[in-house]
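Visitor: So that you have it, the file is query34.cif, and it contains mmCIF, C-alpha atoms:
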```
data_coords
#
loop_
_atom_site.label_atom_id
_atom_site.label_comp_id
_atom_site.auth_asym_id
_atom_site.auth_seq_id
_atom_site.Cartn_x
_atom_site.Cartn_y
_atom_site.Cartn_z
CA MET K 1 113.40 96.45 90.67
CA THR K 2 116.82 95.00 91.32
CA LEU K 3 117.29 92.23 93.85
CA HIS K 4 119.18 94.67 96.04
CA GLN K 5 116.31 97.16 96.07
CA PHE K 6 113.89 94.35 96.88
CA LEU K 7 116.05 93.21 99.80
CA MET K 8 116.32 96.82 101.04
CA ILE K 9 112.54 97.03 101.17
CA VAL K 10 112.37 93.68 102.99
CA VAL K 11 114.92 94.88 105.56
CA MET K 12 113.04 98.14 106.13
CA CYS K 13 109.71 96.37 106.61
CA ALA K 14 111.27 93.81 108.96
CA CYS K 15 112.81 96.60 111.09
CA ILE K 16 109.49 98.38 111.45
CA ILE K 17 107.58 95.23 112.34
CA PHE K 18 110.29 94.28 114.85
CA LEU K 19 110.27 97.73 116.49
CA ARG K 20 106.49 97.78 116.82
CA ALA K 21 106.49 94.31 118.35
CA PHE K 22 109.51 95.06 120.57
CA PRO K 23 107.75 95.76 123.91
CA PHE K 24 105.53 92.71 123.45
CA ILE K 25 108.54 90.47 122.74
CA VAL K 26 110.62 91.78 125.64
CA PHE K 27 107.87 91.77 128.25
CA GLN K 28 106.22 88.55 127.11
CA ASP K 29 106.28 86.65 130.40
CA MET K 30 105.09 89.37 132.68
CA THR K 31 101.44 88.49 132.56
CA LYS K 32 100.91 89.55 136.14
CA LYS K 33 103.06 92.58 136.86
CA THR K 34 104.62 95.26 134.74
CA PRO K 35 107.50 96.96 136.58
CA PRO K 36 106.53 100.36 138.07
CA LEU K 37 109.35 102.08 136.21
CA LEU K 38 107.89 100.89 132.93
CA LEU K 39 104.39 101.94 133.86
CA TYR K 40 105.75 105.34 134.82
CA LEU K 41 107.51 105.64 131.46
CA GLY K 42 104.47 104.40 129.57
CA ARG K 43 102.39 107.05 131.30
CA VAL K 44 104.66 110.10 131.00
CA LEU K 45 106.04 109.18 127.59
CA THR K 46 102.54 109.26 126.16
CA ALA K 47 102.15 112.99 126.73
CA ALA K 48 105.81 113.60 125.90
CA ALA K 49 105.59 111.62 122.64
CA ILE K 50 102.42 113.40 121.50
CA ALA K 51 104.07 116.75 122.25
CA MET K 52 107.09 115.53 120.30
CA LEU K 53 104.87 114.63 117.35
CA VAL K 54 103.25 118.07 117.46
CA VAL K 55 106.63 119.75 117.15
CA TYR K 56 107.92 117.23 114.63
CA SER K 57 104.86 117.49 112.41
CA ILE K 58 105.09 121.29 112.48
CA ALA K 59 108.72 121.00 111.44
CA SER K 60 107.92 118.53 108.67
CA VAL K 61 104.99 120.57 107.30
CA CYS K 62 107.33 123.55 106.90
CA ASP K 63 109.95 121.13 105.53
CA PHE K 64 112.92 121.37 107.85
CA LYS K 65 115.45 120.40 105.20
CA ASN K 66 114.57 123.52 103.28
CA PRO K 67 112.61 125.57 105.82
CA ASP K 68 109.68 127.65 104.64
CA TYR K 69 109.26 130.23 107.41
CA MET K 70 106.05 131.69 105.93
CA ARG K 71 104.41 128.33 106.53
CA LEU K 72 105.73 128.29 110.06
CA PHE K 73 104.36 131.82 110.55
CA TRP K 74 100.85 130.98 109.28
CA MET K 75 100.76 127.90 111.43
CA THR K 76 100.63 130.08 114.54
CA PRO K 77 97.04 131.35 114.05
CA ALA K 78 95.97 127.92 112.76
CA ILE K 79 97.33 126.15 115.85
CA LEU K 80 95.79 128.75 118.17
CA VAL K 81 92.40 128.27 116.52
CA THR K 82 92.77 124.48 116.86
CA ILE K 83 93.66 124.76 120.55
CA LEU K 84 90.82 127.17 121.36
CA LEU K 85 88.22 125.14 119.46
CA GLN K 86 89.31 121.92 121.18
CA TRP K 87 89.56 123.47 124.64
CA PHE K 88 86.09 125.01 124.56
CA ILE K 89 84.03 122.99 122.09
CA LYS K 90 85.69 119.60 122.72
CA ASN K 91 84.89 118.16 119.32
CA SER K 92 88.03 116.83 117.59
CA LEU K 93 86.62 116.97 114.08
CA ILE K 94 85.51 120.61 114.38
CA SER K 95 88.91 121.60 115.80
CA ILE K 96 90.89 119.82 113.09
CA VAL K 97 88.75 121.01 110.17
CA GLY K 98 88.66 124.55 111.62
CA GLY K 99 92.41 124.78 112.17
CA THR K 100 93.23 123.25 108.80
CA ALA K 101 90.82 125.61 107.02
CA VAL K 102 92.48 128.62 108.66
CA TYR K 103 95.90 127.38 107.60
CA MET K 104 94.91 126.58 104.01
CA ILE K 105 93.19 129.95 103.57
CA CYS K 106 96.22 131.75 104.99
CA ILE K 107 98.83 130.10 102.78
CA GLN K 108 96.73 129.95 99.60
CA LEU K 109 95.09 133.37 99.67
CA ILE K 110 97.22 135.63 101.81
CA ALA K 111 100.76 134.32 101.51
CA MET S 1 93.47 100.39 130.34
CA GLU S 2 93.02 103.53 132.32
CA GLN S 3 93.36 106.60 130.20
CA ASN S 4 93.59 109.98 131.80
CA LEU S 5 91.61 111.83 129.21
CA SER S 6 88.59 113.78 130.17
CA GLU S 7 85.87 114.26 127.64
CA ALA S 8 88.06 113.36 124.69
CA ASP S 9 85.37 112.17 122.38
CA THR S 10 81.88 112.91 123.44
CA THR S 11 80.54 111.02 120.46
CA ALA S 12 77.83 108.69 121.65
CA CYS S 13 78.91 105.09 121.94
CA ASN S 14 76.17 102.87 123.25
CA GLY S 15 77.58 99.58 122.01
CA LYS S 16 75.67 99.19 118.77
CA ALA S 17 77.82 98.15 115.85
CA SER S 18 76.73 101.05 113.67
CA SER S 19 77.58 103.60 116.32
CA VAL S 20 81.05 102.12 116.92
CA LEU S 21 81.58 102.22 113.17
CA ARG S 22 80.52 105.86 113.00
CA ASP S 23 82.53 106.70 116.09
CA ALA S 24 85.68 105.09 114.68
CA PHE S 25 85.18 106.64 111.26
CA LEU S 26 84.83 110.13 112.74
CA ALA S 27 87.89 109.62 114.95
CA ALA S 28 89.92 108.30 112.01
CA MET S 29 88.67 110.97 109.57
CA PRO S 30 91.59 113.41 109.91
CA VAL S 31 94.04 110.52 109.65
CA ILE S 32 92.26 109.12 106.59
CA LEU S 33 92.51 112.54 104.90
CA GLY S 34 96.11 112.95 106.04
CA TYR S 35 97.13 109.45 104.94
CA LEU S 36 95.45 109.80 101.56
CA THR S 37 97.30 113.07 101.02
CA MET S 38 100.66 112.00 102.43
CA GLY S 39 100.34 108.59 100.78
CA THR S 40 99.63 110.19 97.43
CA ALA S 41 102.64 112.44 97.93
CA PHE S 42 104.81 109.39 98.64
CA GLY S 43 103.50 107.52 95.59
CA VAL S 44 104.15 110.47 93.30
CA LEU S 45 107.63 110.96 94.77
CA LEU S 46 108.45 107.26 94.41
CA VAL S 47 107.64 106.96 90.71
CA GLN S 48 109.23 110.31 89.92
CA GLN S 49 112.46 109.71 91.81
CA VAL S 50 113.20 106.01 91.54
CA PRO S 51 113.86 104.88 87.97
CA ASN S 52 111.67 102.03 86.68
CA SER S 53 109.42 102.05 89.72
CA ASN S 54 105.65 101.76 89.46
CA ALA S 55 102.46 101.38 91.46
CA LEU S 56 103.26 97.73 92.22
CA TRP S 57 106.18 98.92 94.38
CA ALA S 58 103.81 100.96 96.49
CA LEU S 59 101.37 98.07 96.63
CA GLY S 60 104.13 95.72 97.83
CA PHE S 61 105.84 98.15 100.21
CA SER S 62 103.05 100.05 102.00
CA PRO S 63 101.09 97.10 103.45
CA PHE S 64 104.22 95.83 105.24
CA ALA S 65 105.95 99.09 106.18
CA LEU S 66 103.00 101.34 106.92
CA SER S 67 105.27 104.18 107.89
CA GLY S 68 105.43 107.62 106.34
CA SER S 69 108.81 108.57 107.77
CA MET S 70 110.38 105.29 106.65
CA GLN S 71 108.84 105.29 103.21
CA PHE S 72 109.71 108.89 102.43
CA ALA S 73 113.28 108.23 103.52
CA SER S 74 113.30 105.06 101.44
CA VAL S 75 112.74 107.03 98.22
CA GLU S 76 116.18 108.57 98.52
CA MET S 77 117.68 105.22 99.53
CA LEU S 78 116.07 103.27 96.68
CA LYS S 79 117.04 105.95 94.19
CA ASN S 80 120.71 105.62 95.13
CA ALA S 81 120.47 101.94 96.03
CA SER S 82 124.08 101.22 95.16
CA MET S 83 125.20 103.55 97.96
CA TYR S 84 123.26 101.70 100.64
CA SER S 85 124.41 98.27 101.75
CA LEU S 86 121.83 96.07 103.43
CA PHE S 87 123.55 96.67 106.77
CA MET S 88 123.37 100.42 106.29
CA THR S 89 119.70 100.06 105.37
CA LEU S 90 119.15 98.10 108.57
CA VAL S 91 120.85 100.70 110.77
CA LEU S 92 119.02 103.60 109.12
CA ALA S 93 115.67 101.84 109.32
CA LEU S 94 116.18 101.19 113.04
CA LEU S 95 117.26 104.80 113.67
CA ILE S 96 114.46 106.43 111.73
CA ASN S 97 111.79 104.26 113.32
CA ILE S 98 113.09 103.73 116.85
CA ARG S 99 110.16 105.64 118.34
CA TYR S 100 107.87 102.76 117.42
CA CYS S 101 109.46 100.62 120.11
CA VAL S 102 107.70 102.55 122.89
CA TYR S 103 104.31 102.81 121.22
CA GLY S 104 103.37 99.35 122.46
CA LEU S 105 103.98 100.14 126.14
CA PRO S 106 100.54 101.57 127.02
CA PHE S 107 98.89 98.56 125.36
CA LEU S 108 101.00 95.78 126.93
CA ARG S 109 98.29 94.55 129.27
CA LEU S 110 95.28 95.32 127.12
CA PHE S 111 96.42 93.59 123.93
CA ARG S 112 97.31 90.47 125.91
CA CYS S 113 93.61 89.89 126.50
CA TYR S 114 92.99 89.78 122.75
CA PRO S 115 93.30 86.69 120.51
CA TRP S 116 96.75 86.38 118.93
CA TYR S 117 95.77 87.40 115.38
CA LEU S 118 94.07 90.52 116.68
CA ARG S 119 97.06 91.31 118.89
CA TYR S 120 99.47 91.04 115.95
CA TYR S 121 97.18 93.07 113.73
CA LEU S 122 96.86 95.92 116.24
CA ILE S 123 100.56 95.89 117.15
CA PHE S 124 101.51 96.03 113.49
CA ASN S 125 99.16 98.97 113.01
CA LEU S 126 100.75 101.20 115.67
CA THR S 127 101.68 104.11 113.44
CA ASP S 128 102.15 107.61 114.93
CA GLU S 129 98.58 108.58 114.15
CA THR S 130 96.84 105.31 114.98
CA TYR S 131 98.79 105.15 118.24
CA ALA S 132 97.75 108.70 119.07
CA ILE S 133 94.07 107.96 118.51
CA GLU S 134 94.13 104.67 120.39
CA VAL S 135 96.10 105.90 123.36
CA SER S 136 93.61 108.72 123.86
CA SER S 137 90.57 106.44 123.63
CA LYS S 138 88.67 106.10 126.86
CA ARG S 139 86.37 103.36 125.69
CA HIS S 140 86.14 100.03 127.45
CA GLY S 141 85.92 96.31 126.80
CA LYS S 142 84.46 95.11 123.56
CA GLN S 143 83.70 98.63 122.41
CA GLN S 144 87.36 99.56 122.83
CA ARG S 145 88.43 96.47 120.91
CA ASN S 146 86.10 97.13 117.99
CA PHE S 147 87.10 100.78 117.96
CA PHE S 148 90.79 99.81 117.74
CA ILE S 149 90.18 97.30 114.95
CA LEU S 150 88.15 99.78 112.92
CA VAL S 151 90.48 102.74 113.37
CA SER S 152 93.49 100.56 112.48
CA THR S 153 91.75 99.27 109.37
CA PHE S 154 90.60 102.69 108.16
CA ASP S 155 94.10 104.09 108.63
CA TYR S 156 95.72 101.03 107.04
CA LEU S 157 93.57 101.09 103.93
CA SER S 158 93.81 104.84 103.45
CA TRP S 159 97.62 104.75 103.61
CA ILE S 160 97.86 101.91 101.08
CA GLY S 161 95.20 103.48 98.90
CA GLY S 162 96.94 106.86 98.98
CA THR S 163 100.37 105.48 98.07
CA VAL S 164 99.07 103.34 95.20
CA LEU S 165 96.95 106.22 93.91
CA GLY S 166 99.94 108.55 94.01
CA ALA S 167 102.12 106.07 92.16
CA LEU S 168 99.41 105.59 89.51
CA ILE S 169 98.81 109.24 88.78
CA GLY S 170 102.52 109.99 89.02
CA SER S 171 103.26 113.47 87.93
CA HIS S 172 99.82 114.46 86.61
CA LEU S 173 98.47 115.89 89.85
CA PRO S 174 96.42 119.11 89.59
CA PHE S 175 95.65 119.53 93.31
CA PRO S 176 94.63 122.89 94.77
CA THR S 177 94.94 121.37 98.24
CA ASP S 178 98.12 123.08 99.34
CA GLY S 179 98.30 123.09 103.12
CA ILE S 180 96.00 120.14 103.78
CA ASP S 181 98.93 118.40 105.46
CA PHE S 182 98.26 120.69 108.42
CA ALA S 183 95.45 118.26 109.34
CA MET S 184 98.16 116.01 110.83
CA VAL S 185 99.50 118.83 113.01
CA ALA S 186 95.95 119.67 114.07
CA LEU S 187 95.29 116.03 114.98
CA PHE S 188 98.29 115.89 117.30
CA VAL S 189 97.45 119.31 118.78
CA VAL S 190 93.91 118.16 119.56
CA ILE S 191 95.13 115.03 121.30
CA LEU S 192 97.68 117.04 123.26
CA VAL S 193 95.04 119.55 124.36
CA ASP S 194 92.90 116.70 125.69
CA LEU S 195 95.87 115.14 127.48
CA CYS S 196 96.76 118.50 129.04
CA ARG S 197 93.36 118.82 130.70
CA GLU S 198 94.93 116.39 133.16
CA LYS S 199 97.51 118.33 135.19
CA ALA S 200 99.85 115.33 135.57
CA ASN S 201 100.41 115.32 131.81
CA ARG S 202 101.46 118.95 131.47
CA PHE S 203 105.03 118.57 132.63
CA PRO S 204 105.81 115.53 130.42
CA ALA S 205 104.19 117.33 127.47
CA LEU S 206 106.33 120.40 128.08
CA VAL S 207 109.47 118.26 128.33
CA GLY S 208 108.56 116.46 125.10
CA ALA S 209 107.84 119.65 123.17
CA LEU S 210 110.92 121.53 124.36
CA SER S 211 113.29 118.57 123.85
CA THR S 212 112.06 118.07 120.31
CA ALA S 213 112.14 121.76 119.44
CA LEU S 214 115.66 122.04 120.83
CA VAL S 215 116.94 119.00 118.96
CA ILE S 216 115.31 119.98 115.65
CA ALA S 217 116.58 123.57 115.93
CA LEU S 218 120.10 122.35 116.68
CA ALA S 219 119.96 119.84 113.82
CA MET S 220 118.80 122.53 111.39
CA LEU S 221 121.55 124.90 112.47
CA LEU S 222 124.39 122.41 112.67
CA CYS S 223 123.74 119.54 110.30
CA PRO S 224 120.50 119.69 108.26
CA GLN S 225 121.15 116.27 106.72
CA PHE S 226 120.56 114.70 110.13
CA ALA S 227 117.34 116.59 110.85
CA ASN S 228 115.24 113.53 110.05
CA LYS S 229 117.03 111.57 112.75
CA SER S 230 116.25 114.18 115.39
CA LEU S 231 113.29 112.15 116.68
CA LEU S 232 115.66 109.55 118.08
CA VAL S 233 117.80 112.11 119.91
CA ALA S 234 114.74 114.01 121.14
CA MET S 235 113.24 110.82 122.47
CA MET S 236 116.42 109.89 124.37
CA LEU S 237 116.62 113.40 125.79
CA MET S 238 113.03 113.47 127.03
CA THR S 239 113.26 109.96 128.46
CA ALA S 240 116.41 110.95 130.36
CA ILE S 241 114.78 114.12 131.75
CA LEU S 242 111.59 112.30 132.71
CA LEU S 243 113.57 109.51 134.41
CA ALA S 244 115.60 112.07 136.33
CA LYS S 245 112.42 113.85 137.41
CA ARG S 246 110.71 110.64 138.45
CA PRO S 247 108.80 111.00 141.74
CA LYS S 248 110.95 109.88 144.70
CA ASP S 249 108.38 107.64 146.37
CA ALA S 250 108.38 105.82 143.12
CA LYS S 251 106.04 102.95 143.70
CA GLY S 252 103.82 105.16 141.77
CA GLY S 253 103.72 104.54 138.07
CA ASP S 254 100.14 103.65 138.80
CA ALA S 255 99.37 107.02 140.36
CA GLN S 256 96.25 107.25 138.27
#
```
Take the structure in this file and express it as structure tokens.
Guide:
Amino acid sequence: MTLHQFLMIVVMCACIIFLRAFPFIVFQDMTKKTPPLLLYLGRVLTAAAIAMLVVYSIASVCDFKNPDYMRLFWMTPAILVTILLQWFIKNSLISIVGGTAVYMICIQLIA
Amino acid sequence: MEQNLSEADTTACNGKASSVLRDAFLAAMPVILGYLTMGTAFGVLLVQQVPNSNALWALGFSPFALSGSMQFASVEMLKNASMYSLFMTLVLALLINIRYCVYGLPFLRLFRCYPWYLRYYLIFNLTDETYAIEVSSKRHGKQQRNFFILVSTFDYLSWIGGTVLGALIGSHLPFPTDGIDFAMVALFVVILVDLCREKANRFPALVGALSTALVIALAMLLCPQFANKSLLVAMMLMTAILLAKRPKDAKGGDAQ
């Protein structure tokens, strides 16, 4: 490892730690009240961010730099199964294992 | 911390240590599997791509970065280290990871009640997946605290373990587990389904999904090399839309 590579890693780690701590640094003194705007954002951004991560993880599983559209295609039944299992059975582990099994079977055996 | 989830985890939690442990382990299970797999993939990639790198790199990097998106991007940067100045590294690291700076918002009040070392530990552990599990937890008090500590620790150890393992086994990896990375997608889908049982969350979720899909599609069409920065743009877009659509009588961030 060169010194430069070591420093790059240090910079990257520092950035991540800083970003994660950011809201706690900026809003340090507000022990009593958080501004309504912020609470609003904290509330709506939760659902928006999870939805973002759904789309982003789909894109990254089918590798958006070199898109594999068969993977994208087989994700449709897998995601539907996951949604249905979760909506009706309400057990996260069953939904995740079920959906993942459908996807793995599809891409390994059929595709 | 009021969470608007209904019936997210029906796993029994009656306050006994063993049941919190079991509860947290079950909740973290998909992330543990995902992190072991993704971590292994990162470790393999690292030693294959970056000359003279070894498992010690993973062991030194992962515990402090704890970020898949950053670490995967870092492989390319470390490989061509001479092309990246420290300033460039700084800018890229901030861009790639900017989403982390809102993950703390839902926990601002809650974490302040915790002792400082616990606060720092939990803040540092706010990865995409750990955040997603914690933000959807509807536990309370001490149970909530223990659940957070355990989930963070399981996720933390499995990521480090995965990356070191991957770096150790390098290129000799005979895995018939193609497609197991879908577990991450499924995890996010499950959390979104639970959030969407609450009507107030459906519009923000739709905005988030459409903004991201739009930005990623545009990035893929126009400039694929920027596709991995699309999270930043998507996040700005959805924040702008949600701010514009903010209820007029806006005392009400606390509507719930």
Visitor: Check which residues satisfy the PyMOL selection byres ((chain S and resi 235-244) around 9) in the file shown, then give them as a PyMOL selection string.
Guide: (chain K and resi 37+40-41+44-45+48-49+52) or (chain S and resi 99+204+207-212+215+230-234+245-247)
Visitor: To test your reading of the syntax: which residues would the PyMOL selection byres ((chain S) within 7 of (chain K)) return for the file shown? Reply as a short mmCIF file (atom, residue, chain, number, x, y, z; two decimals) with C-alpha atoms, in the coordinates of the input.
Guide:
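Result file is part.cif:
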```
data_model
loop_
_atom_site.label_atom_id
_atom_site.label_comp_id
_atom_site.auth_asym_id
_atom_site.auth_seq_id
_atom_site.Cartn_x
_atom_site.Cartn_y
_atom_site.Cartn_z
CA ALA S 8 88.06 113.36 124.69
CA ASP S 9 85.37 112.17 122.38
CA SER S 53 109.42 102.05 89.72
CA PHE S 61 105.84 98.15 100.21
CA PHE S 64 104.22 95.83 105.24
CA ALA S 65 105.95 99.09 106.18
CA LEU S 78 116.07 103.27 96.68
CA ALA S 81 120.47 101.94 96.03
CA LEU S 86 121.83 96.07 103.43
CA THR S 89 119.70 100.06 105.37
CA LEU S 90 119.15 98.10 108.57
CA ALA S 93 115.67 101.84 109.32
CA LEU S 94 116.18 101.19 113.04
CA ASN S 97 111.79 104.26 113.32
CA ILE S 98 113.09 103.73 116.85
CA TYR S 100 107.87 102.76 117.42
CA CYS S 101 109.46 100.62 120.11
CA VAL S 102 107.70 102.55 122.89
CA GLY S 104 103.37 99.35 122.46
CA LEU S 105 103.98 100.14 126.14
CA PRO S 106 100.54 101.57 127.02
CA LEU S 108 101.00 95.78 126.93
CA ILE S 123 100.56 95.89 117.15
CA PHE S 124 101.51 96.03 113.49
CA LEU S 126 100.75 101.20 115.67
CA ASP S 178 98.12 123.08 99.34
CA GLY S 179 98.30 123.09 103.12
CA ILE S 180 96.00 120.14 103.78
CA ASP S 181 98.93 118.40 105.46
CA PHE S 182 98.26 120.69 108.42
CA ALA S 183 95.45 118.26 109.34
CA VAL S 185 99.50 118.83 113.01
CA ALA S 186 95.95 119.67 114.07
CA LEU S 187 95.29 116.03 114.98
CA PHE S 188 98.29 115.89 117.30
CA VAL S 189 97.45 119.31 118.78
CA VAL S 190 93.91 118.16 119.56
CA LEU S 192 97.68 117.04 123.26
CA VAL S 193 95.04 119.55 124.36
CA LEU S 195 95.87 115.14 127.48
CA ASN S 201 100.41 115.32 131.81
CA PRO S 204 105.81 115.53 130.42
CA ALA S 205 104.19 117.33 127.47
CA VAL S 207 109.47 118.26 128.33
CA GLY S 208 108.56 116.46 125.10
CA ALA S 209 107.84 119.65 123.17
CA THR S 212 112.06 118.07 120.31
CA ALA S 213 112.14 121.76 119.44
CA MET S 220 118.80 122.53 111.39
CA PRO S 224 120.50 119.69 108.26
CA LYS S 251 106.04 102.95 143.70
CA GLY S 252 103.82 105.16 141.77
CA GLY S 253 103.72 104.54 138.07
CA ASP S 254 100.14 103.65 138.80
#
```
Visitor: Give, as lines of an AutoDock Vina configuration file, the centre coordinates and the x, y and z edge lengths in Å to one decimal for an axis-aligned box around all listed atoms of range 156-161 of chain S, padded by 4 Å on each side.
Guide:
```
center_x = 95.7
center_y = 102.9
center_z = 103.0
size_x = 12.3
size_y = 11.8
size_z = 16.1
```
Visitor: Go ahead and compute the interatomic distance for CA of Arg197 in chain S and CA of Phe25 in chain S, in Å to one decimal.
Guide: 24.4 Å
Visitor: For the file shown, report as a PyMOL selection string the outcome of the PyMOL selection byres ((chain S and resi 134) around 12) at residue level.
Guide: (chain K and resi 46) or (chain S and resi 1+3+5+8-9+24+27-28+103-104+106-107+110-111+122-123+125-133+135-140+144-152+155+191)
Visitor: Quote the spacing between CA of Met38 in chain S and CA of Gly68 in chain S in Å to one decimal place.
Guide: 7.6 Å
Visitor: Which one is closest to Asn54 in chain S: S:Gly161, S:Gly39, S:Pro30, S:Gly166? Count all atoms listed in the file.
Guide: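 Of the candidates, the smallest distance to Asn54 in chain S is held by S:Gly166.
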Visitor: Interatomic distance between CA of Ile25 in chain K and CA of Leu118 in chain S?
Guide: 15.7 Å
